[in-house]
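query-v4.pdb follows; it contains PDB, C-alpha atoms.
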ATOM      1  CA  MET F   1      93.849 109.843  69.922  1.00  0.00           C
ATOM      2  CA  ALA F   2      96.931 108.527  71.700  1.00  0.00           C
ATOM      3  CA  THR F   3      97.245 107.673  75.389  1.00  0.00           C
ATOM      4  CA  HIS F   4     100.238 109.032  77.278  1.00  0.00           C
ATOM      5  CA  LEU F   5     101.564 108.328  80.781  1.00  0.00           C
ATOM      6  CA  ILE F   6     103.722 111.096  82.240  1.00  0.00           C
ATOM      7  CA  THR F   7     105.869 111.377  85.358  1.00  0.00           C
ATOM      8  CA  GLY F   8     106.983 114.802  86.550  1.00  0.00           C
ATOM      9  CA  ALA F   9     104.001 116.752  85.212  1.00  0.00           C
ATOM     10  CA  GLY F  10     103.819 118.986  88.273  1.00  0.00           C
ATOM     11  CA  SER F  11     106.234 121.582  86.899  1.00  0.00           C
ATOM     12  CA  GLY F  12     108.791 122.437  84.271  1.00  0.00           C
ATOM     13  CA  ILE F  13     109.201 120.180  81.242  1.00  0.00           C
ATOM     14  CA  GLY F  14     106.596 117.660  82.384  1.00  0.00           C
ATOM     15  CA  ALA F  15     103.943 120.335  82.837  1.00  0.00           C
ATOM     16  CA  ALA F  16     104.681 121.783  79.404  1.00  0.00           C
ATOM     17  CA  VAL F  17     104.381 118.367  77.750  1.00  0.00           C
ATOM     18  CA  ALA F  18     101.154 117.528  79.601  1.00  0.00           C
ATOM     19  CA  ARG F  19      99.529 120.821  78.550  1.00  0.00           C
ATOM     20  CA  ARG F  20     100.520 120.392  74.924  1.00  0.00           C
ATOM     21  CA  LEU F  21      99.161 116.834  74.738  1.00  0.00           C
ATOM     22  CA  LEU F  22      95.896 117.785  76.425  1.00  0.00           C
ATOM     23  CA  GLU F  23      95.440 120.788  74.133  1.00  0.00           C
ATOM     24  CA  ARG F  24      95.554 118.570  71.077  1.00  0.00           C
ATOM     25  CA  GLY F  25      92.974 116.191  72.523  1.00  0.00           C
ATOM     26  CA  ASP F  26      95.080 113.210  73.577  1.00  0.00           C
ATOM     27  CA  GLU F  27      94.374 111.100  76.662  1.00  0.00           C
ATOM     28  CA  VAL F  28      96.850 111.926  79.423  1.00  0.00           C
ATOM     29  CA  HIS F  29      97.525 110.095  82.688  1.00  0.00           C
ATOM     30  CA  LEU F  30      99.712 111.891  85.221  1.00  0.00           C
ATOM     31  CA  PHE F  31     101.611 110.135  87.998  1.00  0.00           C
ATOM     32  CA  ALA F  32     101.313 111.690  91.461  1.00  0.00           C
ATOM     33  CA  ARG F  33     103.193 110.764  94.633  1.00  0.00           C
ATOM     34  CA  ASP F  34     100.020 110.648  96.765  1.00  0.00           C
ATOM     35  CA  ALA F  35      96.263 111.234  96.644  1.00  0.00           C
ATOM     36  CA  GLY F  36      96.555 114.885  97.669  1.00  0.00           C
ATOM     37  CA  ARG F  37      98.995 115.623  94.868  1.00  0.00           C
ATOM     38  CA  ALA F  38      96.744 113.722  92.457  1.00  0.00           C
ATOM     39  CA  ARG F  39      93.870 116.079  93.289  1.00  0.00           C
ATOM     40  CA  GLU F  40      96.126 119.088  92.696  1.00  0.00           C
ATOM     41  CA  LEU F  41      97.232 117.774  89.305  1.00  0.00           C
ATOM     42  CA  ALA F  42      93.654 116.999  88.286  1.00  0.00           C
ATOM     43  CA  ALA F  43      92.683 120.603  89.107  1.00  0.00           C
ATOM     44  CA  GLU F  44      95.710 122.032  87.294  1.00  0.00           C
ATOM     45  CA  PHE F  45      95.231 119.915  84.169  1.00  0.00           C
ATOM     46  CA  PRO F  46      91.496 119.647  83.412  1.00  0.00           C
ATOM     47  CA  GLY F  47      90.773 116.534  81.413  1.00  0.00           C
ATOM     48  CA  ALA F  48      93.835 114.652  82.631  1.00  0.00           C
ATOM     49  CA  ARG F  49      93.583 111.464  84.670  1.00  0.00           C
ATOM     50  CA  THR F  50      95.874 110.598  87.562  1.00  0.00           C
ATOM     51  CA  LEU F  51      97.698 107.569  88.910  1.00  0.00           C
ATOM     52  CA  VAL F  52      99.108 107.530  92.435  1.00  0.00           C
ATOM     53  CA  ALA F  53     102.629 106.110  92.476  1.00  0.00           C
ATOM     54  CA  ASP F  54     105.462 107.286  94.718  1.00  0.00           C
ATOM     55  CA  LEU F  55     108.669 107.247  92.661  1.00  0.00           C
ATOM     56  CA  SER F  56     110.749 107.480  95.816  1.00  0.00           C
ATOM     57  CA  ASN F  57     109.655 103.930  96.674  1.00  0.00           C
ATOM     58  CA  PRO F  58     110.023 101.753  93.556  1.00  0.00           C
ATOM     59  CA  ASP F  59     109.433  98.548  95.517  1.00  0.00           C
ATOM     60  CA  ARG F  60     105.821  99.641  96.066  1.00  0.00           C
ATOM     61  CA  LEU F  61     104.955 100.767  92.541  1.00  0.00           C
ATOM     62  CA  SER F  62     103.503  97.451  91.428  1.00  0.00           C
ATOM     63  CA  TRP F  63     101.408  97.198  94.590  1.00  0.00           C
ATOM     64  CA  ALA F  64     100.144 100.779  94.227  1.00  0.00           C
ATOM     65  CA  LEU F  65      99.160 100.403  90.583  1.00  0.00           C
ATOM     66  CA  ASP F  66      97.376  97.112  91.248  1.00  0.00           C
ATOM     67  CA  LYS F  67      94.972  99.078  93.474  1.00  0.00           C
ATOM     68  CA  GLN F  68      93.906 101.496  90.706  1.00  0.00           C
ATOM     69  CA  PRO F  69      92.176 101.323  87.327  1.00  0.00           C
ATOM     70  CA  LEU F  70      94.810 101.529  84.595  1.00  0.00           C
ATOM     71  CA  PRO F  71      94.389 102.783  81.033  1.00  0.00           C
ATOM     72  CA  ASP F  72      93.234 100.208  78.501  1.00  0.00           C
ATOM     73  CA  ARG F  73      96.092 101.137  76.183  1.00  0.00           C
ATOM     74  CA  VAL F  74      99.424 102.935  76.458  1.00  0.00           C
ATOM     75  CA  ASP F  75     101.004 104.610  73.439  1.00  0.00           C
ATOM     76  CA  THR F  76     103.772 106.538  75.185  1.00  0.00           C
ATOM     77  CA  LEU F  77     105.434 106.345  78.579  1.00  0.00           C
ATOM     78  CA  LEU F  78     107.211 109.622  79.309  1.00  0.00           C
ATOM     79  CA  HIS F  79     109.743 109.569  82.142  1.00  0.00           C
ATOM     80  CA  ILE F  80     110.248 113.256  82.987  1.00  0.00           C
ATOM     81  CA  ALA F  81     110.404 113.324  86.809  1.00  0.00           C
ATOM     82  CA  GLY F  82     113.753 113.711  88.532  1.00  0.00           C
ATOM     83  CA  VAL F  83     115.472 114.793  91.729  1.00  0.00           C
ATOM     84  CA  VAL F  84     118.890 116.332  92.331  1.00  0.00           C
ATOM     85  CA  GLU F  85     121.166 116.775  95.323  1.00  0.00           C
ATOM     86  CA  LEU F  86     124.634 118.170  94.737  1.00  0.00           C
ATOM     87  CA  GLY F  87     127.615 117.261  96.887  1.00  0.00           C
ATOM     88  CA  ALA F  88     131.162 115.976  96.784  1.00  0.00           C
ATOM     89  CA  VAL F  89     131.663 112.219  96.815  1.00  0.00           C
ATOM     90  CA  GLY F  90     133.408 112.568 100.161  1.00  0.00           C
ATOM     91  CA  GLU F  91     130.284 114.142 101.655  1.00  0.00           C
ATOM     92  CA  LEU F  92     127.307 112.330 100.102  1.00  0.00           C
ATOM     93  CA  THR F  93     125.574 109.788 102.338  1.00  0.00           C
ATOM     94  CA  PRO F  94     123.918 106.504 101.321  1.00  0.00           C
ATOM     95  CA  LYS F  95     120.559 108.184 101.936  1.00  0.00           C
ATOM     96  CA  THR F  96     121.230 110.684  99.147  1.00  0.00           C
ATOM     97  CA  TRP F  97     122.561 108.023  96.805  1.00  0.00           C
ATOM     98  CA  ASN F  98     119.612 105.719  97.430  1.00  0.00           C
ATOM     99  CA  SER F  99     116.945 108.411  97.074  1.00  0.00           C
ATOM    100  CA  THR F 100     118.507 109.773  93.881  1.00  0.00           C
ATOM    101  CA  LEU F 101     118.867 106.373  92.245  1.00  0.00           C
ATOM    102  CA  ALA F 102     115.362 105.328  93.328  1.00  0.00           C
ATOM    103  CA  ALA F 103     113.623 108.310  91.736  1.00  0.00           C
ATOM    104  CA  ASN F 104     115.850 108.816  88.698  1.00  0.00           C
ATOM    105  CA  LEU F 105     116.680 105.248  87.682  1.00  0.00           C
ATOM    106  CA  VAL F 106     114.992 102.388  89.539  1.00  0.00           C
ATOM    107  CA  SER F 107     111.443 103.780  89.328  1.00  0.00           C
ATOM    108  CA  PRO F 108     111.690 104.478  85.579  1.00  0.00           C
ATOM    109  CA  ALA F 109     112.930 100.917  85.110  1.00  0.00           C
ATOM    110  CA  GLU F 110     110.081  99.503  87.193  1.00  0.00           C
ATOM    111  CA  LEU F 111     107.351 101.575  85.522  1.00  0.00           C
ATOM    112  CA  THR F 112     108.706 100.534  82.146  1.00  0.00           C
ATOM    113  CA  ARG F 113     108.600  96.879  83.190  1.00  0.00           C
ATOM    114  CA  LEU F 114     105.024  97.195  84.401  1.00  0.00           C
ATOM    115  CA  PHE F 115     103.711  98.868  81.228  1.00  0.00           C
ATOM    116  CA  LEU F 116     105.802  97.009  78.636  1.00  0.00           C
ATOM    117  CA  PRO F 117     103.046  94.498  77.827  1.00  0.00           C
ATOM    118  CA  GLN F 118     100.710  97.323  76.792  1.00  0.00           C
ATOM    119  CA  LEU F 119     103.469  99.162  74.939  1.00  0.00           C
ATOM    120  CA  ARG F 120     104.239  96.040  72.931  1.00  0.00           C
ATOM    121  CA  VAL F 121     100.592  95.744  71.878  1.00  0.00           C
ATOM    122  CA  THR F 122     100.477  99.346  70.613  1.00  0.00           C
ATOM    123  CA  LYS F 123     104.065  99.341  69.327  1.00  0.00           C
ATOM    124  CA  GLY F 124     104.445 102.299  71.617  1.00  0.00           C
ATOM    125  CA  HIS F 125     107.196 104.637  72.690  1.00  0.00           C
ATOM    126  CA  VAL F 126     109.230 105.001  75.879  1.00  0.00           C
ATOM    127  CA  LEU F 127     110.898 108.394  76.259  1.00  0.00           C
ATOM    128  CA  PHE F 128     113.404 109.223  78.980  1.00  0.00           C
ATOM    129  CA  VAL F 129     114.216 112.836  79.778  1.00  0.00           C
ATOM    130  CA  ASN F 130     117.832 112.428  80.731  1.00  0.00           C
ATOM    131  CA  SER F 131     120.290 115.331  81.185  1.00  0.00           C
ATOM    132  CA  GLY F 132     123.594 116.669  79.960  1.00  0.00           C
ATOM    133  CA  ALA F 133     124.835 115.097  83.209  1.00  0.00           C
ATOM    134  CA  GLY F 134     123.935 111.732  81.714  1.00  0.00           C
ATOM    135  CA  LEU F 135     126.739 112.228  79.200  1.00  0.00           C
ATOM    136  CA  ASN F 136     129.344 114.082  81.261  1.00  0.00           C
ATOM    137  CA  ALA F 137     129.860 114.171  85.026  1.00  0.00           C
ATOM    138  CA  HIS F 138     131.349 117.157  86.847  1.00  0.00           C
ATOM    139  CA  ALA F 139     132.450 117.896  90.395  1.00  0.00           C
ATOM    140  CA  THR F 140     129.650 117.712  93.001  1.00  0.00           C
ATOM    141  CA  TRP F 141     127.278 116.082  90.493  1.00  0.00           C
ATOM    142  CA  SER F 142     128.230 112.440  91.131  1.00  0.00           C
ATOM    143  CA  ALA F 143     124.920 111.064  92.474  1.00  0.00           C
ATOM    144  CA  TYR F 144     122.740 112.816  89.915  1.00  0.00           C
ATOM    145  CA  ALA F 145     125.114 112.078  87.036  1.00  0.00           C
ATOM    146  CA  ALA F 146     125.418 108.427  88.059  1.00  0.00           C
ATOM    147  CA  SER F 147     121.633 108.084  88.031  1.00  0.00           C
ATOM    148  CA  LYS F 148     121.451 109.695  84.592  1.00  0.00           C
ATOM    149  CA  HIS F 149     124.335 107.635  83.180  1.00  0.00           C
ATOM    150  CA  GLY F 150     122.384 104.620  84.426  1.00  0.00           C
ATOM    151  CA  LEU F 151     119.247 105.942  82.748  1.00  0.00           C
ATOM    152  CA  LYS F 152     121.115 106.102  79.439  1.00  0.00           C
ATOM    153  CA  ALA F 153     122.162 102.461  79.888  1.00  0.00           C
ATOM    154  CA  LEU F 154     118.570 101.518  80.704  1.00  0.00           C
ATOM    155  CA  ALA F 155     117.304 103.213  77.545  1.00  0.00           C
ATOM    156  CA  ASP F 156     120.008 101.714  75.334  1.00  0.00           C
ATOM    157  CA  SER F 157     119.385  98.187  76.625  1.00  0.00           C
ATOM    158  CA  LEU F 158     115.609  98.577  76.375  1.00  0.00           C
ATOM    159  CA  ARG F 159     115.917  99.790  72.781  1.00  0.00           C
ATOM    160  CA  ALA F 160     118.001  96.765  71.819  1.00  0.00           C
ATOM    161  CA  GLU F 161     115.633  94.371  73.576  1.00  0.00           C
ATOM    162  CA  GLU F 162     112.339  95.782  72.285  1.00  0.00           C
ATOM    163  CA  HIS F 163     113.214  96.826  68.732  1.00  0.00           C
ATOM    164  CA  THR F 164     111.775  93.671  67.184  1.00  0.00           C
ATOM    165  CA  ALA F 165     108.560  94.223  69.196  1.00  0.00           C
ATOM    166  CA  GLY F 166     108.195  97.635  67.563  1.00  0.00           C
ATOM    167  CA  VAL F 167     108.661  99.647  70.778  1.00  0.00           C
ATOM    168  CA  ARG F 168     110.592 102.859  70.148  1.00  0.00           C
ATOM    169  CA  VAL F 169     112.947 104.248  72.820  1.00  0.00           C
ATOM    170  CA  THR F 170     114.277 107.796  72.963  1.00  0.00           C
ATOM    171  CA  SER F 171     116.598 109.610  75.371  1.00  0.00           C
ATOM    172  CA  VAL F 172     116.444 113.411  75.444  1.00  0.00           C
ATOM    173  CA  TYR F 173     119.417 115.204  77.015  1.00  0.00           C
ATOM    174  CA  PRO F 174     118.474 118.789  77.908  1.00  0.00           C
ATOM    175  CA  GLY F 175     121.076 121.270  79.053  1.00  0.00           C
ATOM    176  CA  ARG F 176     120.176 123.615  81.886  1.00  0.00           C
ATOM    177  CA  THR F 177     116.474 124.392  81.638  1.00  0.00           C
ATOM    178  CA  ALA F 178     114.486 127.083  83.472  1.00  0.00           C
ATOM    179  CA  THR F 179     112.631 124.840  85.916  1.00  0.00           C
ATOM    180  CA  PRO F 180     112.185 124.701  89.701  1.00  0.00           C
ATOM    181  CA  MET F 181     114.916 122.047  89.740  1.00  0.00           C
ATOM    182  CA  GLN F 182     117.311 124.493  88.115  1.00  0.00           C
ATOM    183  CA  ALA F 183     116.464 127.121  90.716  1.00  0.00           C
ATOM    184  CA  LYS F 184     117.307 124.562  93.413  1.00  0.00           C
ATOM    185  CA  VAL F 185     120.595 123.698  91.678  1.00  0.00           C
ATOM    186  CA  HIS F 186     121.619 127.351  91.600  1.00  0.00           C
ATOM    187  CA  GLN F 187     120.775 127.667  95.286  1.00  0.00           C
ATOM    188  CA  GLN F 188     122.957 124.648  96.066  1.00  0.00           C
ATOM    189  CA  GLU F 189     125.733 126.091  93.920  1.00  0.00           C
ATOM    190  CA  GLY F 190     125.426 129.456  95.678  1.00  0.00           C
ATOM    191  CA  LYS F 191     124.827 131.264  92.394  1.00  0.00           C
ATOM    192  CA  PRO F 192     122.147 133.789  91.385  1.00  0.00           C
ATOM    193  CA  TYR F 193     119.421 132.283  89.213  1.00  0.00           C
ATOM    194  CA  ASP F 194     118.182 134.012  86.075  1.00  0.00           C
ATOM    195  CA  PRO F 195     115.742 131.773  84.161  1.00  0.00           C
ATOM    196  CA  ALA F 196     116.186 133.901  81.040  1.00  0.00           C
ATOM    197  CA  GLN F 197     119.707 132.459  80.678  1.00  0.00           C
ATOM    198  CA  TRP F 198     118.482 128.903  80.234  1.00  0.00           C
ATOM    199  CA  ILE F 199     116.288 126.797  77.940  1.00  0.00           C
ATOM    200  CA  ASP F 200     112.553 127.402  78.180  1.00  0.00           C
ATOM    201  CA  PRO F 201     110.724 124.182  79.193  1.00  0.00           C
ATOM    202  CA  GLU F 202     108.432 124.701  76.203  1.00  0.00           C
ATOM    203  CA  SER F 203     111.426 124.288  73.898  1.00  0.00           C
ATOM    204  CA  VAL F 204     112.282 120.919  75.431  1.00  0.00           C
ATOM    205  CA  ALA F 205     108.608 119.945  75.183  1.00  0.00           C
ATOM    206  CA  THR F 206     108.776 120.700  71.452  1.00  0.00           C
ATOM    207  CA  THR F 207     111.662 118.254  71.030  1.00  0.00           C
ATOM    208  CA  ILE F 208     109.792 115.588  72.998  1.00  0.00           C
ATOM    209  CA  LEU F 209     106.700 115.930  70.818  1.00  0.00           C
ATOM    210  CA  LEU F 210     108.919 115.789  67.736  1.00  0.00           C
ATOM    211  CA  ALA F 211     110.269 112.428  68.897  1.00  0.00           C
ATOM    212  CA  ILE F 212     106.935 110.833  69.766  1.00  0.00           C
ATOM    213  CA  ASP F 213     105.158 112.201  66.678  1.00  0.00           C
ATOM    214  CA  LEU F 214     107.796 110.978  64.233  1.00  0.00           C
ATOM    215  CA  PRO F 215     106.357 108.668  61.554  1.00  0.00           C
ATOM    216  CA  ARG F 216     106.820 104.958  62.197  1.00  0.00           C
ATOM    217  CA  ASP F 217     109.509 104.589  59.533  1.00  0.00           C
ATOM    218  CA  ALA F 218     112.012 106.398  61.766  1.00  0.00           C
ATOM    219  CA  GLU F 219     113.109 106.594  65.382  1.00  0.00           C
ATOM    220  CA  ILE F 220     115.047 109.224  67.310  1.00  0.00           C
ATOM    221  CA  ASN F 221     117.384 107.379  69.657  1.00  0.00           C
ATOM    222  CA  ASP F 222     119.254 110.252  71.332  1.00  0.00           C
ATOM    223  CA  LEU F 223     118.537 113.974  71.190  1.00  0.00           C
ATOM    224  CA  SER F 224     120.667 116.643  72.901  1.00  0.00           C
ATOM    225  CA  VAL F 225     119.198 120.090  73.543  1.00  0.00           C
ATOM    226  CA  ARG F 226     121.492 122.920  74.604  1.00  0.00           C
ATOM    227  CA  PRO F 227     120.897 126.564  75.603  1.00  0.00           C
ATOM    228  CA  GLY F 228     120.831 128.720  72.491  1.00  0.00           C
ATOM    229  CA  ARG F 229     121.892 131.963  74.118  1.00  0.00           C
TER
END
Take the structure from the file and write it as structure tokens.
Amino acid sequence: MATHLITGAGSGIGAAVARRLLERGDEVHLFARDAGRARELAAEFPGARTLVADLSNPDRLSWALDKQPLPDRVDTLLHIAGVVELGAVGELTPKTWNSTLAANLVSPAELTRLFLPQLRVTKGHVLFVNSGAGLNAHATWSAYAASKHGLKALADSLRAEEHTAGVRVTSVYPGRTATPMQAKVHQQEGKPYDPAQWIDPESVATTILLAIDLPRDAEINDLSVRPGR
């Protein structure tokens, strides 16, 4: 039985991954932004454990986790949470830039730093759910794309640094996926939203499980997933 830590389990891809791991009997710890959200996640995912850590405030993550019992071992750290705010460069404020980078880049880096000692012991796996925007940036996507380009750099550097320790690192780049975030994006774009047009979160979850379940003689570094219809 493996032990997994997951951010972003409240909806979409993260929820799909959490359910699949729990169904097969693994130990799952879900990050929540506060105690109230932790109670909601515990009710939604029976058998899961929770950790309170606000990804919007990476400077406080170490302090918050020091106040809680942590798992004895960590086999996979799954960074699935993310935020998005669209806007032209000429309109975006430092508040938007800072909040986007904090949640999408700085907090994943900090959580990885905090759990690396345990991941080295288990020869574990760090998986980042990136985005097609982490490979190509388009108009009005600058803040989100910058955070995801940075996340790619984080993953690539981490992989190079930790390879000899046996820690595997994977970046998954989904195209548009039918999640609450995608509904928000369509609203910001002023376009009608039809989830049937986009990737089902369960399909992305399948690719994530493929990566973390791969035998130890191989490693998936980068995996792009695009809408098939």
Worksheet, complete the sentence: Atom pair CA of Arg159 (chain F) + CA of Val172 (chain F), distance 13.9 Å
Discussion item. When you look at Arg20 (chain F) with a cut-off of 9 Å (counting only C-alpha atoms), what residues show up, excluding the ones that are within fewer than 5 positions of it in the same chain? I need them as a PyMOL selection string.
Written reply: chain F and resi 15+25+205-206+209
Discussion item. Please compute the CA of Arg73 (chain F)-CA of Met1 (chain F) distance, one decimal, in Å.
Written reply: 11.0 Å
Worksheet item: Neighbours of Ala178 (chain F) within 6 Å (only C-alpha atoms; same-chain residues fewer than 2 positions away dropped), as a list in words?
Response: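 Skipping anything fewer than 2 positions along the chain leaves Pro195, Trp198, Ile199 and Asp200 of chain F.
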Discussion item. I'd like the neighbourhood of Gly90 (chain F) as a list in words, where a residue qualifies if any of its atoms comes within 10 Å (using all atoms listed in the file), though same-chain residues fewer than 3 positions away should be ignored.
Written reply: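 Using all atoms listed in the file, the neighbours found are Gly87, Thr93 and Thr140 of chain F.
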Practice prompt. Quick one: apply the PyMOL selection byres ((chain F and resi 123) around 12) to the file and drop the selected residues here as a ChimeraX atom specification.
Written response: /F:2,73-77,115-122,124-126,162-169,212,216
Write out, as a short mmCIF file (atom, residue, chain, number, x, y, z; two decimals), in the frame of the given file, the residues just selected, with C-alpha atoms.
data_model
loop_
_atom_site.label_atom_id
_atom_site.label_comp_id
_atom_site.auth_asym_id
_atom_site.auth_seq_id
_atom_site.Cartn_x
_atom_site.Cartn_y
_atom_site.Cartn_z
CA ALA F 2 96.93 108.53 71.70
CA ARG F 73 96.09 101.14 76.18
CA VAL F 74 99.42 102.94 76.46
CA ASP F 75 101.00 104.61 73.44
CA THR F 76 103.77 106.54 75.18
CA LEU F 77 105.43 106.34 78.58
CA PHE F 115 103.71 98.87 81.23
CA LEU F 116 105.80 97.01 78.64
CA PRO F 117 103.05 94.50 77.83
CA GLN F 118 100.71 97.32 76.79
CA LEU F 119 103.47 99.16 74.94
CA ARG F 120 104.24 96.04 72.93
CA VAL F 121 100.59 95.74 71.88
CA THR F 122 100.48 99.35 70.61
CA GLY F 124 104.44 102.30 71.62
CA HIS F 125 107.20 104.64 72.69
CA VAL F 126 109.23 105.00 75.88
CA GLU F 162 112.34 95.78 72.28
CA HIS F 163 113.21 96.83 68.73
CA THR F 164 111.78 93.67 67.18
CA ALA F 165 108.56 94.22 69.20
CA GLY F 166 108.20 97.64 67.56
CA VAL F 167 108.66 99.65 70.78
CA ARG F 168 110.59 102.86 70.15
CA VAL F 169 112.95 104.25 72.82
CA ILE F 212 106.94 110.83 69.77
CA ARG F 216 106.82 104.96 62.20
#
Worksheet item: Could you list as JSON, numbers by chain every residue that has an atom within 6 Å of (117.9, 123.6, 75.1), using the file's coordinates and counting only C-alpha atoms?
Response: {"F": [174, 175, 199, 225, 226, 227]}
Go ahead and dump the residues you just picked, C-alpha atoms, as a short mmCIF file (atom, residue, chain, number, x, y, z; two decimals), keeping the file's coordinate frame.
data_model
loop_
_atom_site.label_atom_id
_atom_site.label_comp_id
_atom_site.auth_asym_id
_atom_site.auth_seq_id
_atom_site.Cartn_x
_atom_site.Cartn_y
_atom_site.Cartn_z
CA PRO F 174 118.47 118.79 77.91
CA GLY F 175 121.08 121.27 79.05
CA ILE F 199 116.29 126.80 77.94
CA VAL F 225 119.20 120.09 73.54
CA ARG F 226 121.49 122.92 74.60
CA PRO F 227 120.90 126.56 75.60
#
Worksheet entry | Of the listed residues F:Ile208, F:Leu151, F:Ala160, F:Ala143, that which approaches Pro94 (chain F) most closely, counting only C-alpha atoms |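 Of F:Ile208, F:Leu151, F:Ala160, F:Ala143, the one nearest Pro94 (chain F) is F:Ala143, counting only C-alpha atoms.
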Contacts of region 20-107 of chain F with region 131-136 of chain F up to 12 Å, shortest pair per row, all atoms listed in the file, as CSV:
residue,atom,partner,partner_atom,distance
F:Ile80,CA,F:Ser131,CA,10.4
F:Ala81,CA,F:Ser131,CA,11.5
F:Gly82,CA,F:Ser131,CA,10.0
F:Val83,CA,F:Ser131,CA,11.6
F:Val84,CA,F:Ala133,CA,11.0
F:Leu86,CA,F:Ala133,CA,11.9
F:Asn104,CA,F:Ser131,CA,10.9
F:Leu105,CA,F:Gly134,CA,11.4
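In this model, the gap between CA of Gly10 (chain F) and CA of Pro215 (chain F) comes to 28.8 Å.
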